[in-house]
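Student: Okay, so here is run_25.txt, and as you'll see once you scroll down, it has compact mmCIF, C-alpha atoms.
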# COMPACT_ATOMS: atom_id res chain seq x y z
CA MET Y 988 0.00 0.00 0.00
CA SER Y 989 2.81 2.44 0.83
CA ASN Y 990 4.43 1.84 -2.58
CA VAL Y 991 1.18 2.79 -4.32
CA LEU Y 992 0.84 5.94 -2.20
CA PHE Y 993 4.47 6.84 -2.91
CA ALA Y 994 3.93 6.35 -6.65
CA VAL Y 995 0.80 8.55 -6.64
CA LEU Y 996 2.55 11.31 -4.69
CA PHE Y 997 5.55 11.12 -7.03
CA ILE Y 998 3.32 11.43 -10.11
CA VAL Y 999 1.45 14.42 -8.62
CA LEU Y 1000 4.72 16.14 -7.73
CA LEU Y 1001 6.12 15.46 -11.19
CA ALA Y 1002 2.97 16.93 -12.81
CA VAL Y 1003 3.28 20.09 -10.71
CA VAL Y 1004 6.94 20.53 -11.68
CA ILE Y 1005 6.20 20.00 -15.38
CA ALA Y 1006 3.30 22.49 -15.28
CA SER Y 1007 5.50 25.09 -13.55
CA VAL Y 1008 8.29 24.70 -16.11
CA ALA Y 1009 5.78 24.99 -18.97
CA ARG Y 1010 4.32 28.16 -17.46
CA ILE Y 1011 7.78 29.73 -17.13
CA ARG Y 1012 8.71 28.82 -20.71
CA ASN Y 1013 5.45 30.25 -22.11
CA ARG Y 1014 5.83 33.52 -20.22
CA PRO Y 1015 6.16 36.55 -22.50
CA GLU Y 1016 9.57 38.15 -22.73
CA PRO Y 1017 9.88 41.56 -21.09
CA LEU Y 1018 9.85 44.44 -23.49
CA THR Y 1019 13.00 46.46 -23.80
CA SER Y 1020 12.99 49.88 -22.22
CA PRO Y 1021 11.19 52.32 -24.50
CA PRO Y 1022 13.11 55.06 -26.29
CA THR Y 1023 13.23 58.19 -24.17
CA GLN Y 1024 14.36 60.89 -26.54
CA ALA Y 1025 12.42 63.46 -28.53
CA THR Y 1026 12.52 63.26 -32.29
CA ASP Y 1027 14.72 66.38 -32.31
CA PRO Y 1028 17.43 65.80 -29.65
CA ALA Y 1029 18.30 69.51 -29.56
CA ARG Y 1030 14.77 70.56 -28.53
CA PRO Y 1031 13.24 69.92 -25.07
CA LEU Y 1032 10.06 67.88 -24.83
CA GLY Y 1033 6.85 69.81 -24.28
CA PRO Y 1034 3.95 68.60 -22.09
CA SER Y 1035 1.95 67.24 -25.05
CA GLU Y 1036 4.97 65.35 -26.46
CA ALA Y 1037 5.70 63.84 -23.03
CA GLU Y 1038 2.06 62.80 -22.66
CA THR Y 1039 1.99 61.27 -26.15
CA TRP Y 1040 5.17 59.34 -25.38
CA VAL Y 1041 3.78 57.97 -22.08
CA ARG Y 1042 0.50 56.92 -23.75
CA ALA Y 1043 2.41 55.12 -26.53
CA HIS Y 1044 4.76 53.28 -24.14
CA ILE Y 1045 2.66 52.62 -21.01
CA THR Y 1046 2.91 48.82 -21.26
CA GLU Y 1047 6.68 48.90 -21.71
CA ILE Y 1048 6.99 51.33 -18.79
CA ALA Y 1049 4.84 49.14 -16.52
CA GLU Y 1050 6.67 45.95 -17.50
CA THR Y 1051 9.99 47.63 -16.77
CA GLN Y 1052 8.71 48.55 -13.29
CA PHE Y 1053 7.00 45.20 -12.66
CA PRO Y 1054 8.99 42.54 -14.57
CA ASP Y 1055 7.22 39.71 -12.71
CA ASN Y 1056 3.87 40.83 -14.14
CA LEU Y 1057 4.27 40.62 -17.90
CA GLY Y 1058 1.47 40.48 -20.42
CA LEU Y 1059 -1.04 42.62 -18.52
CA GLU Y 1060 -3.07 45.39 -20.07
CA TRP Y 1061 -2.34 48.79 -18.51
CA ARG Y 1062 -5.05 51.46 -18.69
CA ILE Y 1063 -4.27 55.12 -18.22
CA HIS Y 1064 -6.97 56.90 -16.21
CA THR Y 1065 -5.48 60.38 -15.97
CA ILE Y 1066 -2.35 62.27 -16.84
CA GLN Y 1067 -1.44 65.38 -14.86
CA HIS Y 1068 1.46 67.81 -15.04
CA ARG Y 1069 2.73 69.11 -11.67
CA ASP Y 1070 5.93 70.89 -10.75
CA GLY Y 1071 7.65 69.98 -14.02
CA LEU Y 1072 6.71 66.32 -13.69
CA LEU Y 1073 4.16 64.19 -15.51
CA PHE Y 1074 2.03 61.81 -13.41
CA ALA Y 1075 0.17 58.98 -15.16
CA GLU Y 1076 -2.48 57.20 -13.08
CA VAL Y 1077 -2.68 53.62 -14.35
CA GLU Y 1078 -4.52 50.40 -13.58
CA PRO Y 1079 -3.39 46.86 -14.47
CA ASP Y 1080 -5.88 44.41 -15.96
CA PRO Y 1081 -6.15 41.84 -14.56
CA PRO Y 1082 -5.26 43.36 -11.17
CA GLU Y 1083 -2.38 40.98 -10.36
CA VAL Y 1084 0.31 43.46 -9.29
CA GLY Y 1085 -0.74 43.88 -5.66
CA TYR Y 1086 -2.46 47.27 -5.77
CA SER Y 1087 -5.51 48.49 -7.68
CA ARG Y 1088 -3.87 51.59 -9.16
CA PHE Y 1089 -0.49 53.21 -9.56
CA GLN Y 1090 0.95 56.59 -10.46
CA PHE Y 1091 4.09 56.66 -12.56
CA ALA Y 1092 6.00 59.94 -12.30
CA PHE Y 1093 8.23 61.20 -15.13
CA SER Y 1094 10.70 64.05 -15.43
CA TYR Y 1095 10.88 65.79 -18.79
CA SER Y 1096 10.77 69.55 -18.26
CA GLY Y 1097 13.53 71.40 -20.12
CA SER Y 1098 15.04 68.19 -21.45
CA PRO Y 1099 14.89 66.38 -24.81
CA THR Y 1100 14.41 63.11 -22.88
CA ILE Y 1101 11.78 61.71 -20.53
CA LYS Y 1102 12.73 59.66 -17.50
CA HIS Y 1103 10.69 57.55 -15.08
CA VAL Y 1104 11.50 58.90 -11.61
CA ALA Y 1105 8.99 57.28 -9.23
CA THR Y 1106 6.12 54.84 -8.81
CA TYR Y 1107 3.31 55.34 -6.31
CA SER Y 1108 0.71 52.76 -5.23
CA LEU Y 1109 -2.85 53.49 -4.13
CA GLU Y 1110 -3.37 52.55 -0.49
CA SER Y 1111 -6.31 53.62 1.68
CA GLY Y 1112 -7.34 56.36 -0.75
CA GLN Y 1113 -3.93 58.01 -1.13
CA TYR Y 1114 -0.84 57.37 -3.18
CA THR Y 1115 2.23 56.17 -1.29
CA LEU Y 1116 5.75 56.17 -2.73
CA LEU Y 1117 6.59 52.62 -3.80
CA SER Y 1118 9.91 53.14 -5.59
CA THR Y 1119 12.19 55.74 -7.12
CA SER Y 1120 14.63 55.52 -9.99
CA ARG Y 1121 18.34 56.06 -9.56
CA GLY Y 1122 19.18 59.76 -9.73
CA ALA Y 1123 15.54 60.82 -9.30
CA PRO Y 1124 14.69 64.11 -7.63
CA LYS Y 1125 13.38 63.95 -4.06
CA MET Y 1126 9.77 62.83 -4.32
CA PRO Y 1127 6.98 63.42 -1.79
CA PRO Y 1128 6.28 60.22 0.17
CA VAL Y 1129 2.46 60.56 -0.06
CA PHE Y 1130 -0.10 62.52 -2.06
CA ASP Y 1131 -3.85 62.39 -2.74
Transcribe the structure of this file into structure tokens.

Tutor:
Amino acid sequence: MSNVLFAVLFIVLLAVVIASVARIRNRPEPLTSPPTQATDPARPLGPSEAETWVRAHITEIAETQFPDNLGLEWRIHTIQHRDGLLFAEVEPDPPEVGYSRFQFAFSYSGSPTIKHVATYSLESGQYTLLSTSRGAPKMPPVFD
């Protein structure tokens, strides 16, 4: 009887391992970081160009920030410009990233490039700083 039980447990364990390996192999590859430069490198990006760039690259941006959550659809709810930064409020679908919404903050003012500087997560009705990029300006820890 114990040999039969051992064989059944071994088969179940083997099936779980095979399914896990198949899931890892079928996982989409992360997208490369999106280009961050204006079409004319001598001219700084304006607010509308920065917004257009973020809208065009939101999935690549999100997958760069959350490489364990590839293949999700990212919806932009709002884009706001504050203090020389662009804030994009986004929501993953399906909601598998751990929070219902995020704000990605970008620096672009006076520069021909745009750079992700911070990610905020929505917790208890306010956005809390989740991460910052290397060399980012000092970001407020919380905002509504």

Student: If we count all atoms listed in the file and set the cut-off at 10 Å, which residues sit around Glu1036 (chain Y), ignoring sequence neighbours fewer than 3 positions away in its own chain? Please answer as a PDB file with C-alpha atoms, in the frame of the given file.

Tutor:
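Writing the result to result_24.pdb gives the following:
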ATOM      1  CA  ALA Y1025      12.420  63.460 -28.530  1.00  0.00           C
ATOM      2  CA  THR Y1026      12.520  63.260 -32.290  1.00  0.00           C
ATOM      3  CA  PRO Y1031      13.240  69.920 -25.070  1.00  0.00           C
ATOM      4  CA  LEU Y1032      10.060  67.880 -24.830  1.00  0.00           C
ATOM      5  CA  GLY Y1033       6.850  69.810 -24.280  1.00  0.00           C
ATOM      6  CA  THR Y1039       1.990  61.270 -26.150  1.00  0.00           C
ATOM      7  CA  TRP Y1040       5.170  59.340 -25.380  1.00  0.00           C
ATOM      8  CA  VAL Y1041       3.780  57.970 -22.080  1.00  0.00           C
ATOM      9  CA  ARG Y1042       0.500  56.920 -23.750  1.00  0.00           C
ATOM     10  CA  TYR Y1095      10.880  65.790 -18.790  1.00  0.00           C
ATOM     11  CA  ILE Y1101      11.780  61.710 -20.530  1.00  0.00           C
TER      12      ILE Y1101
END

Student: Which polymer residues, whether protein, DNA or RNA, lie within 10 Å of the coordinate (-10.8, 47.9, -3.5) when you count all atoms listed in the file? List them as a count of residues only, using the chain letters and numbers from the file.

Tutor: 7

Student: Skipping near chain neighbours, those fewer than 4 positions away, what residues fall within 10 Å of Phe1074 (chain Y) using all atoms listed in the file, listed as a list in words?

Tutor: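 The filter keeps Glu1038, Val1041, Thr1065, Ile1066, Gln1067, His1068, Arg1069, Phe1089, Gln1090, Phe1091, Ala1092, Phe1093, Ser1094, His1103, Ala1105, Thr1106 and Tyr1107 of chain Y.
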
Student: Given the point (3.0, 51.9, -17.6) in the coordinates of this file, which residues lie within 10 Å, counting all atoms listed in the file, and how would they look as a list in words?

Tutor: Val1041, Arg1042, Ala1043, His1044, Ile1045, Thr1046, Glu1047, Ile1048, Ala1049, Glu1050, Thr1051, Gln1052, Phe1053, Glu1060, Trp1061, Arg1062, Ile1063, Ala1075, Glu1076, Val1077, Glu1078, Pro1079, Phe1089, Gln1090, Phe1091, His1103 and Thr1106 of chain Y

Student: Rounded to one decimal, what separation in Å do you get between CA of Thr1115 (chain Y) and CA of Pro1034 (chain Y)?

Tutor: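 Separation between CA of Thr1115 (chain Y) and CA of Pro1034 (chain Y): 24.3 Å.
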
Student: Just the number, please: distance in Å from CA of Val1104 (chain Y) to CA of Leu1116 (chain Y), one decimal.

Tutor: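 About the pair CA of Val1104 (chain Y) and CA of Leu1116 (chain Y): they are 10.9 Å apart.
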
Student: Could you jot down the CA of Ser1098 (chain Y) to CA of Lys1125 (chain Y) separation for me, Å, one decimal place?

Tutor: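 Straight-line distance from CA of Ser1098 (chain Y) to CA of Lys1125 (chain Y) works out to 18.0 Å.
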
Student: First collect every listed atom of region 1031-1047 of chain Y; then fit an axis-aligned box around them, widen it by 4 Å on each side, and give centre and edge lengths in Å to one decimal, as JSON.

Tutor:
{"center_x": 6.9, "center_y": 59.4, "center_z": -23.8, "size_x": 20.7, "size_y": 29.1, "size_z": 13.5}

Student: Of the residues Y:Lys1102, Y:Leu1073, Y:Ser1108, Y:Ile998, which is the one nearest to Gly1122 (chain Y), using all atoms listed in the file?

Tutor: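 So, comparing all the options, the nearest one is Y:Lys1102.
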